[in-house]
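Trainee: Have a look at the structure that comes next, please.
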Amino acid sequence: MRLETERLILRKPRKSDAKILKKNNDTIAIRDFFMPCPEKEGYFEKLTNRCIREWEKKKRYWFIIVLKKTGKVIGLSGVKNIDYYNKTGYLSSWIFKRYRRKYYLTEAKIAIHDFCFNDLGLRKLKSEVATFNKPSINMQAKFGITFEGMKRKENLNPYTKKYTDMNLYGILKPEWKKVAPGLKKDLKKKIDKLKG
Ligand SMILES: CC(C)(COP(=O)(O)OP(=O)(O)OC[C@H]1O[C@@H](n2cnc3c(N)ncnc32)[C@H](O)[C@@H]1OP(=O)(O)O)[C@@H](O)C(=O)NCCC(=O)NCCS
């Protein structure tokens with residue numbers, strides 16, 4: 001199972017992806033990918049194996065994002081902790097540094113929201129974002145995702161050795177249905193502009 005968008009292929013992780021993820025470990029203090037300790041030997045191998053295992057159990061769909069044009073892996077995004085009883089899941093995303101600000105995550109995230117609501121039958125998508133993570137906070141606003149509160153001093157940041165506050169966000173299926181057409185139209189315009 002894979003998703004396809006105008007510029008991207010979103011596919012299941014493979015064991016060999018661990019090397020690519022490790023090589024691109026360029027950011028600090030992002031909850032899902034960098035806490036507790038990504039420098040630890042075997043961190044990305046374990047993460048990749050867990051992603052594959054949980055994909056097979058339908059508990060987590062973290063897609064490897066591949067650029068159609070070059071075949072290069074540019075990041076990872078998807079849903080984890082899928083709760084089929086409450087019909088909820090947690091979203092996470094990571095675009096490698098050199099590929100940012102080209103609307104790749106916007107493009108992948110739109111496809112992932114559609115997949116979660118339409119194919120997995122989820123009702124609500126949630127995310128937790130460190131309060132200092134401006135790009136991700138802006139992204140929540142852009143997607144019309146509601147701020148639902150904050151967990152104070154929730155995670156130990158291994159780099160600063162300080163506890164980080166985490167913002168909680170959520171979007172319901174009817175809210176997504178409202179916001180999706182505008183986002184898709186806007187993305188199309190932005191991609192056309194980037195093409196020049
Ligand atoms: C957050 C992240 C995934 C965004 O990926 P991206 O492909 O660069 O995002 P896009 O180009 O699709 O940008 C979409 C929107 O996000 C916001 N945004 C992205 N980067 C931003 C930045 N550096 N500063 C401010 N806002 C930013 C903007 O609102 C932008 O839309 P706009 O330009 O129309 O205003 C990327 O910066 C990243 O991987 N960061 C490290 C990992 C991370 O923080 N993950 C989220 C954990 S909760």
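Ordered as shown in the structure tokens, chains take letters A, B, and onward, while each chain numbers its residues from 1 and ligands are numbered from 1 in the order shown.
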Enumerate residues in contact with ligand 1: an atom-to-atom distance of at most 9 Å, counting only C-alpha atoms and all ligand atoms. Format the result as a PyMOL selection string.
Mentor: chain A and resi 26-34+75-77+91-109+127-130+133-143+186-187+190
Trainee: Residues near Met1 of chain A, anyone? I mean within 12 Å using only C-alpha atoms, not counting same-chain ones fewer than 3 positions away, as a PyMOL selection string.
Mentor: chain A and resi 4+9-13+55-56+58+61-64+115+119
Trainee: Go ahead and write the selection's residues with C-alpha atoms as a compact mmCIF listing (two decimals), in the first residue's frame.
Mentor:
```
# COMPACT_ATOMS: atom_id res chain seq x y z
CA GLU A 4 0.79 9.06 -4.53
CA ILE A 9 5.34 8.78 -3.39
CA LEU A 10 4.53 7.80 0.19
CA ARG A 11 5.55 4.22 0.83
CA LYS A 12 6.04 1.64 3.59
CA PRO A 13 9.40 1.86 5.41
CA TRP A 55 2.58 -1.11 9.97
CA GLU A 56 1.97 -4.85 9.60
CA LYS A 58 -2.09 -1.73 11.34
CA TYR A 61 1.50 4.07 9.18
CA TRP A 62 4.63 6.18 9.04
CA PHE A 63 5.25 6.71 5.35
CA ILE A 64 8.67 7.22 3.84
CA PHE A 115 -5.96 8.33 4.08
CA ASP A 119 -9.35 4.68 4.36
```
Trainee: Can you check which parts of segment 63-159 of chain A lie within 8 Å of segment 172-184 of chain A? Per residue, the shortest pair of atoms and distance in Å to one decimal, counting only C-alpha atoms, sorted by chain and number, as CSV.
Mentor:
```
residue,atom,partner,partner_atom,distance
A:Ile110,CA,A:Ala180,CA,7.4
A:His113,CA,A:Trp176,CA,7.8
A:Phe117,CA,A:Lys173,CA,6.3
A:Leu122,CA,A:Lys173,CA,7.7
A:Arg123,CA,A:Lys173,CA,5.4
A:Lys124,CA,A:Leu172,CA,4.4
A:Leu125,CA,A:Leu172,CA,6.6
A:Phe143,CA,A:Val179,CA,7.0
A:Gly144,CA,A:Val179,CA,6.7
```
Trainee: Work out how far apart atom CA of Cys116 of chain A and atom CA of Arg60 of chain A are and give it in Å to one decimal.
Mentor: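 Rounded to one decimal, the two atoms are 10.8 Å apart.
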Trainee: Would you please extract all helix (DSSP H, G or I) residues from segment 14-173 of chain A, as assigned by DSSP on the backbone, and give them as number ranges by chain?
Mentor: A: 17-23, 31-34, 43-56, 97-99, 104-119, 134-142, 173
Trainee: Rounded to one decimal place, report the atom CA of Lys46 of chain A-atom CA of Ile65 of chain A distance in Å.
Mentor: 18.9 Å
Trainee: Of the candidates A:Thr164, A:Thr70, A:Asn24, A:Thr48, which one gets nearest to Phe132 of chain A if we count only C-alpha atoms?
Mentor: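 Going through A:Thr164, A:Thr70, A:Asn24, A:Thr48 one by one, the smallest distance to Phe132 of chain A is for A:Thr164.
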Trainee: Looking only at strand (DSSP E or B) from DSSP on the backbone, list the matching residues of segment 29-182 of chain A as a ChimeraX atom specification.
Mentor: /A:61-67,73-83,88-95,124-130,146-156,163-172
Trainee: Can you write out the residues you just picked, keeping C-alpha atoms, as a PDB file, in the first residue's frame?
Mentor:
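Saved result, result-v1.pdb, follows:
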```
ATOM      1  CA  TYR A  61       1.502   4.074   9.183  1.00  0.00           C
ATOM      2  CA  TRP A  62       4.628   6.178   9.041  1.00  0.00           C
ATOM      3  CA  PHE A  63       5.247   6.705   5.349  1.00  0.00           C
ATOM      4  CA  ILE A  64       8.671   7.224   3.836  1.00  0.00           C
ATOM      5  CA  ILE A  65       8.327  10.263   1.565  1.00  0.00           C
ATOM      6  CA  VAL A  66      10.052   9.909  -1.814  1.00  0.00           C
ATOM      7  CA  LEU A  67      10.467  12.623  -4.446  1.00  0.00           C
ATOM      8  CA  VAL A  73      13.876   9.962   0.279  1.00  0.00           C
ATOM      9  CA  ILE A  74      13.077  13.402   1.736  1.00  0.00           C
ATOM     10  CA  GLY A  75      11.385  12.584   5.033  1.00  0.00           C
ATOM     11  CA  LEU A  76       8.850  10.654   7.014  1.00  0.00           C
ATOM     12  CA  SER A  77       5.251  11.370   7.957  1.00  0.00           C
ATOM     13  CA  GLY A  78       2.203   9.505   9.128  1.00  0.00           C
ATOM     14  CA  VAL A  79      -0.002   8.311  11.910  1.00  0.00           C
ATOM     15  CA  LYS A  80       0.803   6.199  14.967  1.00  0.00           C
ATOM     16  CA  ASN A  81      -0.933   4.935  18.128  1.00  0.00           C
ATOM     17  CA  ILE A  82      -3.997   4.187  16.029  1.00  0.00           C
ATOM     18  CA  ASP A  83      -6.937   3.494  18.307  1.00  0.00           C
ATOM     19  CA  THR A  88      -8.101   8.345  16.693  1.00  0.00           C
ATOM     20  CA  GLY A  89      -4.419   8.548  15.803  1.00  0.00           C
ATOM     21  CA  TYR A  90      -1.345  10.752  16.339  1.00  0.00           C
ATOM     22  CA  LEU A  91       0.335  12.514  13.448  1.00  0.00           C
ATOM     23  CA  SER A  92       4.083  13.052  13.130  1.00  0.00           C
ATOM     24  CA  SER A  93       6.228  14.555  10.385  1.00  0.00           C
ATOM     25  CA  TRP A  94       9.825  15.149   9.484  1.00  0.00           C
ATOM     26  CA  ILE A  95      11.170  16.646   6.272  1.00  0.00           C
ATOM     27  CA  LYS A 124      -9.986  12.494  14.925  1.00  0.00           C
ATOM     28  CA  LEU A 125      -6.317  13.163  14.300  1.00  0.00           C
ATOM     29  CA  LYS A 126      -4.126  14.506  17.061  1.00  0.00           C
ATOM     30  CA  SER A 127      -0.634  15.889  17.412  1.00  0.00           C
ATOM     31  CA  GLU A 128       1.711  17.130  20.091  1.00  0.00           C
ATOM     32  CA  VAL A 129       4.097  19.917  19.264  1.00  0.00           C
ATOM     33  CA  ALA A 130       6.861  21.424  21.400  1.00  0.00           C
ATOM     34  CA  THR A 146      -7.576  23.204  16.862  1.00  0.00           C
ATOM     35  CA  PHE A 147      -5.317  23.957  19.823  1.00  0.00           C
ATOM     36  CA  GLU A 148      -6.705  21.822  22.677  1.00  0.00           C
ATOM     37  CA  GLY A 149      -4.332  22.627  25.518  1.00  0.00           C
ATOM     38  CA  MET A 150      -0.802  22.231  26.735  1.00  0.00           C
ATOM     39  CA  LYS A 151       1.084  19.578  28.692  1.00  0.00           C
ATOM     40  CA  ARG A 152       3.464  21.499  30.957  1.00  0.00           C
ATOM     41  CA  LYS A 153       7.097  20.405  31.252  1.00  0.00           C
ATOM     42  CA  GLU A 154       6.253  17.103  29.581  1.00  0.00           C
ATOM     43  CA  ASN A 155       9.410  15.922  27.818  1.00  0.00           C
ATOM     44  CA  LEU A 156      13.061  16.093  28.760  1.00  0.00           C
ATOM     45  CA  TYR A 163      11.699  19.920  30.236  1.00  0.00           C
ATOM     46  CA  THR A 164       9.635  21.007  27.246  1.00  0.00           C
ATOM     47  CA  ASP A 165       5.991  22.122  27.230  1.00  0.00           C
ATOM     48  CA  MET A 166       3.925  20.352  24.569  1.00  0.00           C
ATOM     49  CA  ASN A 167       0.928  21.865  22.751  1.00  0.00           C
ATOM     50  CA  LEU A 168      -1.948  19.492  22.004  1.00  0.00           C
ATOM     51  CA  TYR A 169      -3.865  19.758  18.728  1.00  0.00           C
ATOM     52  CA  GLY A 170      -6.800  17.900  17.186  1.00  0.00           C
ATOM     53  CA  ILE A 171      -8.850  17.880  14.007  1.00  0.00           C
ATOM     54  CA  LEU A 172     -12.173  16.068  13.453  1.00  0.00           C
TER      55      LEU A 172
END
```
Trainee: Can you measure atom CA of Cys51 of chain A to atom CA of Tyr84 of chain A for me? One decimal in Å is fine.
Mentor: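 Rounded to one decimal, the two atoms are 17.8 Å apart.
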Trainee: Which one of A:Lys72, A:Arg53, A:Arg2, A:Gly121 sits closest to Leu21 of chain A if you count only C-alpha atoms?
Mentor: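 Between A:Lys72, A:Arg53, A:Arg2, A:Gly121, the residue approaching Leu21 of chain A most closely is A:Lys72.
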Trainee: Fewer than 6 positions away in the same chain doesn't count, so skip those; otherwise give me all residues within 12 Å of Lys195 of chain A, counting only C-alpha atoms, as a list in words.
Mentor: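 These residues fall inside the cut-off: Arg7, Lys102, Lys188 and Lys189 of chain A.
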Trainee: Can I get the selection written as an mmCIF file, in the first residue's frame, with N, CA, C and O atoms?
Mentor:
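So out-v1.cif came out as:
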```cif
data_model
loop_
_atom_site.group_PDB
_atom_site.id
_atom_site.type_symbol
_atom_site.label_atom_id
_atom_site.label_comp_id
_atom_site.auth_asym_id
_atom_site.auth_seq_id
_atom_site.Cartn_x
_atom_site.Cartn_y
_atom_site.Cartn_z
ATOM 1 N N ARG A 7 3.864 15.340 -6.587
ATOM 2 C CA ARG A 7 5.332 15.288 -6.611
ATOM 3 C C ARG A 7 5.927 14.150 -5.795
ATOM 4 O O ARG A 7 7.138 13.950 -5.809
ATOM 5 N N LYS A 102 9.199 23.813 0.708
ATOM 6 C CA LYS A 102 8.818 23.624 -0.695
ATOM 7 C C LYS A 102 7.425 22.990 -0.756
ATOM 8 O O LYS A 102 7.042 22.404 -1.735
ATOM 9 N N LYS A 188 -1.926 23.536 -5.060
ATOM 10 C CA LYS A 188 -1.762 23.435 -6.526
ATOM 11 C C LYS A 188 -1.126 24.724 -7.054
ATOM 12 O O LYS A 188 -0.183 24.698 -7.840
ATOM 13 N N LYS A 189 -1.644 25.862 -6.571
ATOM 14 C CA LYS A 189 -1.119 27.170 -7.005
ATOM 15 C C LYS A 189 0.344 27.293 -6.631
ATOM 16 O O LYS A 189 1.165 27.765 -7.413
#
```
